[in-house]
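The file query_30.cif comes next; it holds mmCIF, C-alpha atoms and all ligand atoms.
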data_final
#
loop_
_atom_site.label_atom_id
_atom_site.label_comp_id
_atom_site.auth_asym_id
_atom_site.auth_seq_id
_atom_site.Cartn_x
_atom_site.Cartn_y
_atom_site.Cartn_z
CA MET A 256 12.11 -33.42 -85.15
CA GLY A 257 11.32 -33.06 -88.85
CA ASN A 258 13.06 -34.59 -91.87
CA ASP A 259 15.02 -31.38 -92.19
CA VAL A 260 17.33 -32.33 -89.30
CA LEU A 261 19.74 -35.27 -89.41
CA LEU A 262 21.42 -34.68 -86.07
CA GLN A 263 19.91 -32.69 -83.25
CA ALA A 264 21.89 -31.77 -80.14
CA ARG A 265 20.11 -30.10 -77.24
CA GLY A 266 21.87 -28.62 -74.22
CA LEU A 267 25.02 -30.75 -74.40
CA SER A 268 27.29 -30.33 -71.40
CA LYS A 269 30.56 -32.01 -70.44
CA SER A 270 33.07 -31.48 -67.67
CA PHE A 271 36.33 -33.21 -66.83
CA GLY A 272 36.48 -33.03 -63.04
CA ALA A 273 35.99 -29.38 -62.13
CA VAL A 274 36.79 -28.20 -65.67
CA ARG A 275 33.69 -27.37 -67.68
CA VAL A 276 34.50 -28.07 -71.32
CA LEU A 277 31.06 -27.80 -72.97
CA HIS A 278 28.11 -25.89 -71.60
CA GLU A 279 24.59 -26.37 -72.96
CA VAL A 280 25.52 -26.48 -76.62
CA SER A 281 22.66 -27.04 -79.05
CA LEU A 282 22.82 -27.49 -82.79
CA ASP A 283 20.89 -28.91 -85.72
CA VAL A 284 22.68 -30.53 -88.63
CA ARG A 285 20.59 -30.57 -91.80
CA PRO A 286 20.79 -33.39 -94.34
CA GLY A 287 23.25 -32.66 -97.15
CA GLU A 288 24.90 -29.64 -95.57
CA VAL A 289 28.51 -29.01 -94.59
CA LEU A 290 28.59 -27.41 -91.15
CA GLY A 291 31.96 -25.97 -90.14
CA ILE A 292 33.04 -25.68 -86.51
CA LEU A 293 35.53 -23.01 -85.52
CA GLY A 294 36.96 -22.09 -82.17
CA PRO A 295 40.27 -21.44 -80.40
CA ASN A 296 42.36 -24.32 -79.05
CA GLY A 297 40.64 -25.95 -76.11
CA ALA A 298 37.19 -24.53 -77.00
CA GLY A 299 35.61 -27.99 -76.78
CA LYS A 300 35.32 -28.86 -80.47
CA THR A 301 36.79 -32.37 -80.36
CA THR A 302 34.89 -33.04 -77.14
CA LEU A 303 31.67 -32.25 -79.03
CA PHE A 304 32.62 -34.87 -81.64
CA ASN A 305 33.45 -37.37 -78.91
CA LEU A 306 29.97 -36.90 -77.45
CA ILE A 307 28.34 -37.40 -80.87
CA SER A 308 30.41 -40.48 -81.73
CA GLY A 309 29.94 -41.94 -78.25
CA ASP A 310 33.67 -41.95 -77.42
CA LEU A 311 32.64 -39.87 -74.37
CA LYS A 312 29.40 -39.89 -72.36
CA VAL A 313 27.40 -36.68 -72.04
CA ASP A 314 26.91 -35.18 -68.57
CA GLY A 315 23.73 -33.46 -69.68
CA GLY A 316 21.68 -32.88 -72.79
CA GLU A 317 20.28 -35.00 -75.61
CA LEU A 318 21.42 -36.20 -79.01
CA VAL A 319 18.99 -37.47 -81.66
CA PHE A 320 20.21 -38.91 -84.96
CA SER A 321 17.84 -39.75 -87.81
CA GLY A 322 14.99 -39.45 -85.31
CA ARG A 323 16.56 -41.91 -82.83
CA PRO A 324 17.94 -40.92 -79.42
CA LEU A 325 21.64 -41.78 -79.10
CA ARG A 326 21.65 -42.03 -75.32
CA GLY A 327 23.12 -45.36 -74.22
CA GLU A 328 24.27 -46.35 -77.73
CA PRO A 329 27.96 -47.38 -77.77
CA PRO A 330 30.31 -46.03 -80.49
CA TYR A 331 30.07 -49.13 -82.73
CA ARG A 332 26.26 -48.89 -82.75
CA ARG A 333 26.42 -45.18 -83.65
CA CYS A 334 28.79 -46.13 -86.46
CA GLN A 335 26.29 -48.71 -87.72
CA MET A 336 23.51 -46.12 -87.46
CA GLY A 337 25.48 -43.93 -89.87
CA ILE A 338 27.86 -41.73 -87.89
CA GLY A 339 31.45 -41.85 -89.19
CA ARG A 340 34.41 -39.81 -88.02
CA THR A 341 38.05 -39.04 -88.58
CA TYR A 342 40.51 -38.41 -85.77
CA GLN A 343 42.84 -35.43 -85.36
CA ILE A 344 45.68 -37.91 -85.06
CA PRO A 345 45.00 -40.57 -87.72
CA ARG A 346 45.33 -44.12 -86.50
CA PRO A 347 45.75 -46.36 -89.56
CA TYR A 348 47.15 -49.85 -89.11
CA GLY A 349 50.61 -49.02 -90.50
CA GLY A 350 51.52 -52.64 -91.14
CA LEU A 351 48.36 -53.33 -93.19
CA THR A 352 47.86 -52.22 -96.76
CA THR A 353 45.59 -49.32 -97.70
CA PHE A 354 42.93 -51.77 -98.90
CA GLU A 355 43.19 -53.92 -95.76
CA ASN A 356 42.74 -50.80 -93.62
CA LEU A 357 39.50 -50.10 -95.45
CA LEU A 358 38.25 -53.66 -95.08
CA VAL A 359 38.78 -53.49 -91.31
CA ALA A 360 36.88 -50.19 -91.17
CA ALA A 361 34.08 -51.58 -93.36
CA SER A 362 33.55 -54.44 -90.91
CA PHE A 363 32.44 -51.84 -88.32
CA GLY A 364 29.60 -50.81 -90.62
CA GLY A 365 28.12 -54.27 -90.14
CA GLY A 366 25.46 -56.17 -92.05
CA ARG A 367 27.35 -56.39 -95.34
CA SER A 368 28.52 -59.52 -97.17
CA GLU A 369 32.23 -59.97 -97.90
CA SER A 370 31.78 -59.30 -101.61
CA ALA A 371 29.70 -56.18 -100.90
CA SER A 372 32.44 -54.94 -98.53
CA TYR A 373 35.09 -55.49 -101.23
CA ALA A 374 33.01 -53.61 -103.79
CA LEU A 375 32.36 -50.70 -101.41
CA CYS A 376 36.05 -50.46 -100.44
CA ALA A 377 37.14 -50.53 -104.10
CA ARG A 378 34.69 -47.72 -104.90
CA ILE A 379 35.90 -45.63 -101.95
CA LEU A 380 39.55 -46.15 -102.93
CA GLY A 381 38.67 -44.75 -106.36
CA ASP A 382 36.76 -41.79 -104.89
CA CYS A 383 39.70 -41.01 -102.60
CA GLU A 384 42.28 -41.38 -105.39
CA LEU A 385 43.99 -44.23 -103.63
CA SER A 386 43.33 -47.03 -106.15
CA GLY A 387 46.96 -47.01 -107.30
CA LYS A 388 48.11 -47.39 -103.69
CA ALA A 389 45.74 -50.17 -102.63
CA ASN A 390 48.56 -52.60 -101.92
CA ARG A 391 50.98 -50.17 -100.30
CA SER A 392 51.45 -50.41 -96.56
CA ALA A 393 49.57 -47.56 -94.90
CA GLY A 394 52.71 -46.60 -93.00
CA SER A 395 54.50 -45.72 -96.26
CA LEU A 396 51.93 -43.20 -97.54
CA THR A 397 52.58 -39.45 -97.93
CA LEU A 398 50.79 -37.01 -95.60
CA LEU A 399 48.11 -36.20 -98.22
CA ASP A 400 47.52 -39.90 -98.88
CA ARG A 401 47.35 -40.62 -95.14
CA LYS A 402 44.65 -37.96 -94.90
CA ARG A 403 42.85 -39.53 -97.86
CA LEU A 404 43.09 -42.89 -96.13
CA GLU A 405 41.70 -41.40 -92.91
CA LEU A 406 38.73 -40.11 -94.92
CA ALA A 407 38.40 -43.41 -96.78
CA ARG A 408 38.35 -45.35 -93.50
CA ALA A 409 35.59 -43.12 -92.18
CA LEU A 410 33.64 -43.66 -95.41
CA ALA A 411 34.04 -47.45 -95.30
CA SER A 412 31.22 -47.79 -92.78
CA ASP A 413 29.00 -45.95 -95.32
CA PRO A 414 28.08 -43.02 -93.02
CA LYS A 415 25.18 -40.62 -93.49
CA LEU A 416 27.00 -38.12 -91.26
CA LEU A 417 30.76 -37.64 -91.41
CA LEU A 418 32.61 -35.82 -88.63
CA LEU A 419 35.95 -34.42 -89.84
CA ASP A 420 38.41 -33.37 -87.14
CA GLU A 421 41.10 -30.98 -88.43
CA ILE A 422 41.97 -32.91 -91.53
CA ALA A 423 43.55 -30.09 -93.58
CA GLY A 424 46.52 -29.16 -91.36
CA GLY A 425 50.11 -29.50 -92.61
CA LEU A 426 49.32 -29.68 -96.32
CA THR A 427 50.75 -27.47 -99.10
CA ASP A 428 48.28 -25.15 -100.88
CA GLU A 429 48.06 -27.56 -103.81
CA GLU A 430 47.47 -30.58 -101.56
CA GLY A 431 44.88 -28.57 -99.59
CA LYS A 432 42.97 -27.91 -102.81
CA GLU A 433 42.98 -31.64 -103.62
CA LEU A 434 41.65 -32.43 -100.17
CA VAL A 435 38.92 -29.79 -100.52
CA ALA A 436 37.94 -31.27 -103.90
CA LEU A 437 37.67 -34.70 -102.28
CA ILE A 438 35.50 -33.38 -99.44
CA ARG A 439 33.23 -31.73 -102.02
CA ARG A 440 32.90 -35.05 -103.88
CA ILE A 441 31.94 -36.78 -100.63
CA ARG A 442 29.31 -34.08 -99.99
CA ASP A 443 28.04 -34.47 -103.57
CA ARG A 444 27.50 -38.19 -102.92
CA GLY A 445 24.96 -37.13 -100.30
CA VAL A 446 27.05 -37.43 -97.13
CA THR A 447 26.31 -34.73 -94.55
CA ILE A 448 29.49 -33.29 -93.05
CA VAL A 449 30.44 -31.53 -89.82
CA TRP A 450 34.00 -30.25 -90.14
CA ILE A 451 36.23 -28.86 -87.36
CA GLU A 452 39.02 -26.98 -89.08
CA HIS A 453 41.61 -24.32 -88.30
CA VAL A 454 42.62 -23.96 -91.97
CA LEU A 455 39.99 -21.31 -92.58
CA HIS A 456 40.26 -20.98 -96.37
CA ALA A 457 39.80 -24.74 -96.78
CA LEU A 458 36.73 -24.70 -94.56
CA LEU A 459 35.23 -21.65 -96.27
CA ALA A 460 35.65 -23.34 -99.65
CA VAL A 461 33.10 -25.99 -98.62
CA ALA A 462 31.08 -25.01 -95.54
CA ASP A 463 27.48 -23.85 -95.93
CA ARG A 464 27.16 -22.80 -92.30
CA ILE A 465 29.58 -22.28 -89.44
CA MET A 466 29.21 -22.62 -85.70
CA VAL A 467 31.79 -21.03 -83.38
CA LEU A 468 32.65 -22.35 -79.93
CA ASN A 469 34.56 -20.42 -77.27
CA PHE A 470 35.22 -21.79 -73.76
CA GLY A 471 32.64 -24.51 -74.38
CA GLU A 472 29.82 -22.19 -75.41
CA LYS A 473 28.35 -21.43 -78.80
CA ILE A 474 29.07 -17.79 -79.60
CA ALA A 475 27.94 -17.67 -83.24
CA GLU A 476 26.17 -19.75 -85.85
CA GLY A 477 24.95 -18.94 -89.35
CA ALA A 478 25.87 -18.67 -93.01
CA ALA A 479 29.63 -19.09 -93.36
CA GLN A 480 30.26 -15.69 -94.95
CA ASP A 481 28.20 -13.91 -92.25
CA VAL A 482 29.82 -15.69 -89.31
CA ILE A 483 33.39 -14.83 -90.29
CA LYS A 484 32.40 -11.15 -90.47
CA ASP A 485 30.89 -11.23 -86.96
CA PRO A 486 32.95 -8.84 -84.76
CA GLU A 487 32.85 -11.21 -81.74
CA VAL A 488 34.12 -14.11 -83.88
CA ARG A 489 36.89 -11.98 -85.33
CA ARG A 490 37.95 -10.92 -81.85
CA VAL A 491 37.82 -14.37 -80.24
CA TYR A 492 39.00 -16.54 -83.07
CA MET A 493 41.17 -14.38 -85.25
CA GLY A 494 42.44 -11.97 -82.59
CA ILE A 495 41.19 -9.02 -84.63
CA GLU A 496 39.88 -6.10 -82.55
CA VAL A 497 37.16 -4.17 -84.37
N1 LIG B 501 39.72 -36.80 -71.68
C1 LIG B 501 39.99 -35.60 -71.16
N2 LIG B 501 40.30 -35.46 -69.86
C2 LIG B 501 40.55 -34.24 -69.32
N3 LIG B 501 40.52 -33.09 -70.01
C3 LIG B 501 40.21 -33.17 -71.32
C4 LIG B 501 39.94 -34.43 -71.96
N4 LIG B 501 39.65 -34.18 -73.27
C5 LIG B 501 39.75 -32.84 -73.42
N5 LIG B 501 40.08 -32.24 -72.27
C6 LIG B 501 40.24 -30.79 -72.06
O1 LIG B 501 39.04 -30.19 -72.51
C7 LIG B 501 39.30 -28.96 -73.15
C8 LIG B 501 38.69 -28.98 -74.55
O2 LIG B 501 39.39 -29.91 -75.35
P1 LIG B 501 39.01 -30.20 -76.85
O3 LIG B 501 40.00 -31.20 -77.37
O4 LIG B 501 37.58 -30.53 -76.97
O5 LIG B 501 39.28 -28.78 -77.52
P2 LIG B 501 39.35 -28.37 -79.04
O6 LIG B 501 38.46 -27.19 -79.21
O7 LIG B 501 39.12 -29.54 -79.92
O8 LIG B 501 40.87 -27.87 -79.16
P3 LIG B 501 41.94 -28.01 -80.36
O9 LIG B 501 41.56 -26.99 -81.39
O10 LIG B 501 43.24 -27.66 -79.68
O11 LIG B 501 41.90 -29.41 -80.87
C9 LIG B 501 40.81 -28.79 -73.15
O12 LIG B 501 41.14 -27.96 -72.07
C10 LIG B 501 41.32 -30.19 -72.93
O13 LIG B 501 42.57 -30.17 -72.27
#

Can you turn what I pasted into structure tokens?
Amino acid sequence: MGNDVLLQARGLSKSFGAVRVLHEVSLDVRPGEVLGILGPNGAGKTTLFNLISGDLKVDGGELVFSGRPLRGEPPYRRCQMGIGRTYQIPRPYGGLTTFENLLVAASFGGGRSESASYALCARILGDCELSGKANRSAGSLTLLDRKRLELARALASDPKLLLLDEIAGGLTDEEGKELVALIRRIRDRGVTIVWIEHVLHALLAVADRIMVLNFGEKIAEGAAQDVIKDPEVRRVYMGIEV
């Protein structure tokens, strides 16, 4: 694997009982890119993230991150190696403040002094436009701010690779634009991003490349503008017969 690949997946497969959810999916994620993942409900997108983050074990296939095999590494080790993620259903500690939520997340990054953790969390709060809400309880935040906090928590372990799982849903157009601007800023700081998203215009505003999953198999991959014109993708994902 050369320096031009941050994460390499080869032949990933996963079944739940008799139900095959992912079948021999391979992909390369290049440093600095934003790779979008599209696919109908149940296509296996979140399962792919769970295999990368270590929340689920692979049945078959290999994952290599920064040149190191991930096999056998538990989720907290993958987090320390530089893999951060958000969850489709955010899980902040509602009773803790925004800043406290970040400090807890930063502790998973490991190997940082208390003062360095405080400095990192303060910087991330600024990046995520949450500085003015540092002392608010997370449970009292608006939807947009909860999404910002979910991103901020994923950033608090200082990831090289950030996995975003459907973060744009439920926002107004204006809020969606603010979220897209934030994701661009994160990319501009050098964080590589893989983003599962159903809100297509948000994804297309940022993604360099797109991969499409259907019934656990990769059906398309390439430059974002090319992939969304692919007749098979339009049929499967957008229900457009061409
Ligand atoms: N832990 C699990 N146990 C059993 N079945 C599961 C489990 N996790 C996911 N599945 C099933 O695997 C299939 C793929 O789920 P997955 O969440 O990966 O899809 P997805 O593409 O992310 O869908 P969505 O867009 O709706 O989030 C679904 O049929 C789901 O019900």

Counting all atoms listed in the file, what are the residues of region 305-382 of chain A within 6 Å of region 259-265 of chain A, and for each of them which pair of atoms is the nearest and at what distance in Å, to one decimal? Sort the table by chain and rising number, as a Markdown table.
| residue | atom | partner | partner_atom | distance |
| --- | --- | --- | --- | --- |
| A:Gly316 | CA | A:Arg265 | CA | 5.5 |
| A:Glu317 | CA | A:Arg265 | CA | 5.2 |
| A:Leu318 | CA | A:Ala264 | CA | 4.6 |
| A:Val319 | CA | A:Gln263 | CA | 5.1 |
| A:Phe320 | CA | A:Leu262 | CA | 4.5 |
| A:Ser321 | CA | A:Leu261 | CA | 5.1 |

Preceding selection exported with C-alpha atoms as a PDB file, in the coordinates of the input:
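Wrote selection_30.pdb, looks like this:
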ATOM      1  CA  GLY A 316      21.680 -32.880 -72.790  1.00  0.00           C
ATOM      2  CA  GLU A 317      20.280 -35.000 -75.610  1.00  0.00           C
ATOM      3  CA  LEU A 318      21.420 -36.200 -79.010  1.00  0.00           C
ATOM      4  CA  VAL A 319      18.990 -37.470 -81.660  1.00  0.00           C
ATOM      5  CA  PHE A 320      20.210 -38.910 -84.960  1.00  0.00           C
ATOM      6  CA  SER A 321      17.840 -39.750 -87.810  1.00  0.00           C
TER       7      SER A 321
END

Distance of atom O5 of ligand LIG 501 (chain B) from CA of Pro324 (chain A), expressed in Å to one decimal place: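 Between CA of Pro324 (chain A) and atom O5 of ligand LIG 501 (chain B) the gap works out to 24.6 Å.
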
Within 7 Å of ligand LIG 501 (chain B), counting only C-alpha atoms and all ligand atoms: which residues, as a list of chain:residue names?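 For ligand LIG 501 (chain B), the residues inside 7 Å are A:Phe271, A:Val276, A:Gly294, A:Pro295, A:Asn296, A:Gly297, A:Ala298, A:Gly299, A:Lys300, A:Thr301, A:Thr302, A:Leu303.
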
Can you build me a table of region 265-308 of chain A residues sitting at most 9 Å from region 433-455 of chain A, with the closest atom pair per residue and its distance in Å to one decimal, using only C-alpha atoms, sorted by chain and residue number, as a Markdown table?
| residue | atom | partner | partner_atom | distance |
| --- | --- | --- | --- | --- |
| A:Val284 | CA | A:Val449 | CA | 7.9 |
| A:Arg285 | CA | A:Thr447 | CA | 7.6 |
| A:Pro286 | CA | A:Thr447 | CA | 5.7 |
| A:Gly287 | CA | A:Thr447 | CA | 4.5 |
| A:Glu288 | CA | A:Thr447 | CA | 5.4 |
| A:Val289 | CA | A:Ile448 | CA | 4.7 |
| A:Leu290 | CA | A:Val449 | CA | 4.7 |
| A:Gly291 | CA | A:Trp450 | CA | 4.7 |
| A:Ile292 | CA | A:Ile451 | CA | 4.6 |
| A:Leu293 | CA | A:Ile451 | CA | 6.2 |
| A:Gly294 | CA | A:His453 | CA | 8.0 |
| A:Pro295 | CA | A:His453 | CA | 8.5 |
| A:Lys300 | CA | A:Ile451 | CA | 6.9 |
| A:Thr301 | CA | A:Ile451 | CA | 7.9 |

Considering all atoms listed in the file, return as a PyMOL selection string whatever protein or nucleic-acid residues lie within 7 Å of region 379-390 of chain A, sequence-local ones (same chain, fewer than 5 positions apart) excluded. chain A and resi 352-354+403+407+437

Pull C-alpha atoms from the residues just selected and write them as a tab-separated table (two decimals), in the coordinates of the input.
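Below is the file selection.tsv, written as the result:
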chain	number	residue	atom	x	y	z
A	352	THR	CA	47.86	-52.22	-96.76
A	353	THR	CA	45.59	-49.32	-97.70
A	354	PHE	CA	42.93	-51.77	-98.90
A	403	ARG	CA	42.85	-39.53	-97.86
A	407	ALA	CA	38.40	-43.41	-96.78
A	437	LEU	CA	37.67	-34.70	-102.28

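Using all atoms listed in the file, the nearest neighbour of Arg333 (chain A) within the list A:Leu358, A:Leu306, A:Ala377, A:Leu426 is A:Leu306.
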
What's the 10 Å shell around Ser392 (chain A), counting only C-alpha atoms, without same-chain residues fewer than 6 positions away, as a list of chain:residue names?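 My list of contacting residues is A:Pro347, A:Tyr348, A:Gly349, A:Gly350, A:Leu351, A:Thr352, A:Thr353, A:Phe354, A:Glu355, A:Asn356.
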
Emit as JSON the padded axis-aligned box for all listed atoms of region 337-356 of chain A, 4 Å per side, with centre and edge lengths in Å to one decimal.
{"center_x": 38.5, "center_y": -44.7, "center_z": -92.0, "size_x": 34.0, "size_y": 26.5, "size_z": 21.8}

So how many Å separate CA of Leu410 (chain A) and CA of Gly364 (chain A), to one decimal? 9.5 Å

If you measure from CA of Ile338 (chain A) to CA of Ile307 (chain A), what distance in Å do you get, rounded to one decimal? 8.3 Å

Just checking: using all atoms listed in the file, which residue out of A:Ala393, A:Ala360, A:Ala409, A:Leu419 ends up closest to Gln343 (chain A)?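 Looking at the shortest contact to Gln343 (chain A), the residue is A:Leu419.
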
Nearest residue to Gly477 (chain A) out of A:Cys334, A:Val313, A:Leu418, A:Ala462, using all atoms listed in the file?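 When distances to Gly477 (chain A) are compared using all atoms listed in the file, the smallest one comes from A:Ala462.
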
Counting all atoms listed in the file, write as number ranges by chain all protein and nucleic acid residues lying at most 10 Å from (47.8, -36.9, -98.1) in the file's frame. A: 385, 396-405, 422-423, 425-427, 430-431, 433-434

Within 9 Å of Leu375 (chain A), counting only C-alpha atoms, which residues qualify if same-chain residues fewer than 5 places away don't, as an MDAnalysis selection string? chainID A and resid 361 370 380 411 413

Pick out the closest residue to Val359 (chain A) from this set: A:His278, A:Lys473, A:Arg489, A:Arg408. Count only C-alpha atoms.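 Checking each of A:His278, A:Lys473, A:Arg489, A:Arg408 against Val359 (chain A), counting only C-alpha atoms, the winner is A:Arg408.
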
For Asp463 (chain A), which residue among A:Arg326, A:Asp481, A:Tyr373, A:Gly272 is the nearest when counting all atoms listed in the file? A:Asp481

Which one of A:Leu311, A:Val274, A:Leu267, A:Val491 sits closest to Ala475 (chain A) if you count all atoms listed in the file?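 Distance minimum relative to Ala475 (chain A) lands on A:Val491.
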
Complete region 301-324 of chain A with N, CA and C atoms (output as a PDB file, keeping the file's coordinate frame).
ATOM      1  N   THR A 301      36.621 -30.908 -80.267  1.00  0.00           N
ATOM      2  CA  THR A 301      36.790 -32.370 -80.360  1.00  0.00           C
ATOM      3  C   THR A 301      35.921 -33.075 -79.325  1.00  0.00           C
ATOM      4  N   THR A 302      35.759 -32.448 -78.170  1.00  0.00           N
ATOM      5  CA  THR A 302      34.890 -33.040 -77.140  1.00  0.00           C
ATOM      6  C   THR A 302      33.464 -33.176 -77.689  1.00  0.00           C
ATOM      7  N   LEU A 303      33.000 -32.171 -78.427  1.00  0.00           N
ATOM      8  CA  LEU A 303      31.670 -32.250 -79.030  1.00  0.00           C
ATOM      9  C   LEU A 303      31.590 -33.473 -79.955  1.00  0.00           C
ATOM     10  N   PHE A 304      32.611 -33.683 -80.772  1.00  0.00           N
ATOM     11  CA  PHE A 304      32.620 -34.870 -81.640  1.00  0.00           C
ATOM     12  C   PHE A 304      32.606 -36.156 -80.816  1.00  0.00           C
ATOM     13  N   ASN A 305      33.393 -36.158 -79.731  1.00  0.00           N
ATOM     14  CA  ASN A 305      33.450 -37.370 -78.910  1.00  0.00           C
ATOM     15  C   ASN A 305      32.095 -37.696 -78.283  1.00  0.00           C
ATOM     16  N   LEU A 306      31.309 -36.660 -77.996  1.00  0.00           N
ATOM     17  CA  LEU A 306      29.970 -36.900 -77.450  1.00  0.00           C
ATOM     18  C   LEU A 306      29.045 -37.458 -78.542  1.00  0.00           C
ATOM     19  N   ILE A 307      29.203 -36.940 -79.776  1.00  0.00           N
ATOM     20  CA  ILE A 307      28.340 -37.400 -80.870  1.00  0.00           C
ATOM     21  C   ILE A 307      28.681 -38.833 -81.262  1.00  0.00           C
ATOM     22  N   SER A 308      29.995 -39.131 -81.311  1.00  0.00           N
ATOM     23  CA  SER A 308      30.410 -40.480 -81.730  1.00  0.00           C
ATOM     24  C   SER A 308      30.256 -41.503 -80.612  1.00  0.00           C
ATOM     25  N   GLY A 309      30.085 -41.017 -79.380  1.00  0.00           N
ATOM     26  CA  GLY A 309      29.940 -41.940 -78.250  1.00  0.00           C
ATOM     27  C   GLY A 309      31.266 -42.305 -77.602  1.00  0.00           C
ATOM     28  N   ASP A 310      32.374 -41.693 -78.066  1.00  0.00           N
ATOM     29  CA  ASP A 310      33.670 -41.950 -77.420  1.00  0.00           C
ATOM     30  C   ASP A 310      33.654 -41.430 -75.992  1.00  0.00           C
ATOM     31  N   LEU A 311      32.832 -40.388 -75.737  1.00  0.00           N
ATOM     32  CA  LEU A 311      32.640 -39.870 -74.370  1.00  0.00           C
ATOM     33  C   LEU A 311      31.144 -39.835 -74.064  1.00  0.00           C
ATOM     34  N   LYS A 312      30.813 -39.987 -72.783  1.00  0.00           N
ATOM     35  CA  LYS A 312      29.400 -39.890 -72.360  1.00  0.00           C
ATOM     36  C   LYS A 312      29.044 -38.444 -72.032  1.00  0.00           C
ATOM     37  N   VAL A 313      27.831 -38.042 -72.379  1.00  0.00           N
ATOM     38  CA  VAL A 313      27.400 -36.680 -72.040  1.00  0.00           C
ATOM     39  C   VAL A 313      27.102 -36.605 -70.541  1.00  0.00           C
ATOM     40  N   ASP A 314      27.344 -35.424 -69.953  1.00  0.00           N
ATOM     41  CA  ASP A 314      26.910 -35.180 -68.570  1.00  0.00           C
ATOM     42  C   ASP A 314      25.454 -34.731 -68.564  1.00  0.00           C
ATOM     43  N   GLY A 315      25.103 -33.945 -69.591  1.00  0.00           N
ATOM     44  CA  GLY A 315      23.730 -33.460 -69.680  1.00  0.00           C
ATOM     45  C   GLY A 315      23.396 -33.146 -71.113  1.00  0.00           C
ATOM     46  N   GLY A 316      22.110 -33.198 -71.436  1.00  0.00           N
ATOM     47  CA  GLY A 316      21.680 -32.880 -72.790  1.00  0.00           C
ATOM     48  C   GLY A 316      21.292 -34.125 -73.570  1.00  0.00           C
ATOM     49  N   GLU A 317      20.819 -33.915 -74.782  1.00  0.00           N
ATOM     50  CA  GLU A 317      20.280 -35.000 -75.610  1.00  0.00           C
ATOM     51  C   GLU A 317      20.852 -34.929 -77.008  1.00  0.00           C
ATOM     52  N   LEU A 318      21.039 -36.110 -77.597  1.00  0.00           N
ATOM     53  CA  LEU A 318      21.420 -36.200 -79.010  1.00  0.00           C
ATOM     54  C   LEU A 318      20.422 -37.103 -79.715  1.00  0.00           C
ATOM     55  N   VAL A 319      19.933 -36.656 -80.866  1.00  0.00           N
ATOM     56  CA  VAL A 319      18.990 -37.470 -81.660  1.00  0.00           C
ATOM     57  C   VAL A 319      19.536 -37.515 -83.082  1.00  0.00           C
ATOM     58  N   PHE A 320      19.679 -38.741 -83.609  1.00  0.00           N
ATOM     59  CA  PHE A 320      20.210 -38.910 -84.960  1.00  0.00           C
ATOM     60  C   PHE A 320      19.198 -39.678 -85.796  1.00  0.00           C
ATOM     61  N   SER A 321      18.842 -39.128 -86.938  1.00  0.00           N
ATOM     62  CA  SER A 321      17.840 -39.750 -87.810  1.00  0.00           C
ATOM     63  C   SER A 321      16.578 -40.106 -87.013  1.00  0.00           C
ATOM     64  N   GLY A 322      16.212 -39.232 -86.090  1.00  0.00           N
ATOM     65  CA  GLY A 322      14.990 -39.450 -85.310  1.00  0.00           C
ATOM     66  C   GLY A 322      15.156 -40.401 -84.143  1.00  0.00           C
ATOM     67  N   ARG A 323      16.380 -40.945 -83.920  1.00  0.00           N
ATOM     68  CA  ARG A 323      16.560 -41.910 -82.830  1.00  0.00           C
ATOM     69  C   ARG A 323      17.494 -41.335 -81.751  1.00  0.00           C
ATOM     70  N   PRO A 324      17.072 -41.407 -80.496  1.00  0.00           N
ATOM     71  CA  PRO A 324      17.940 -40.920 -79.420  1.00  0.00           C
ATOM     72  C   PRO A 324      19.226 -41.744 -79.363  1.00  0.00           C
TER      73      PRO A 324
END
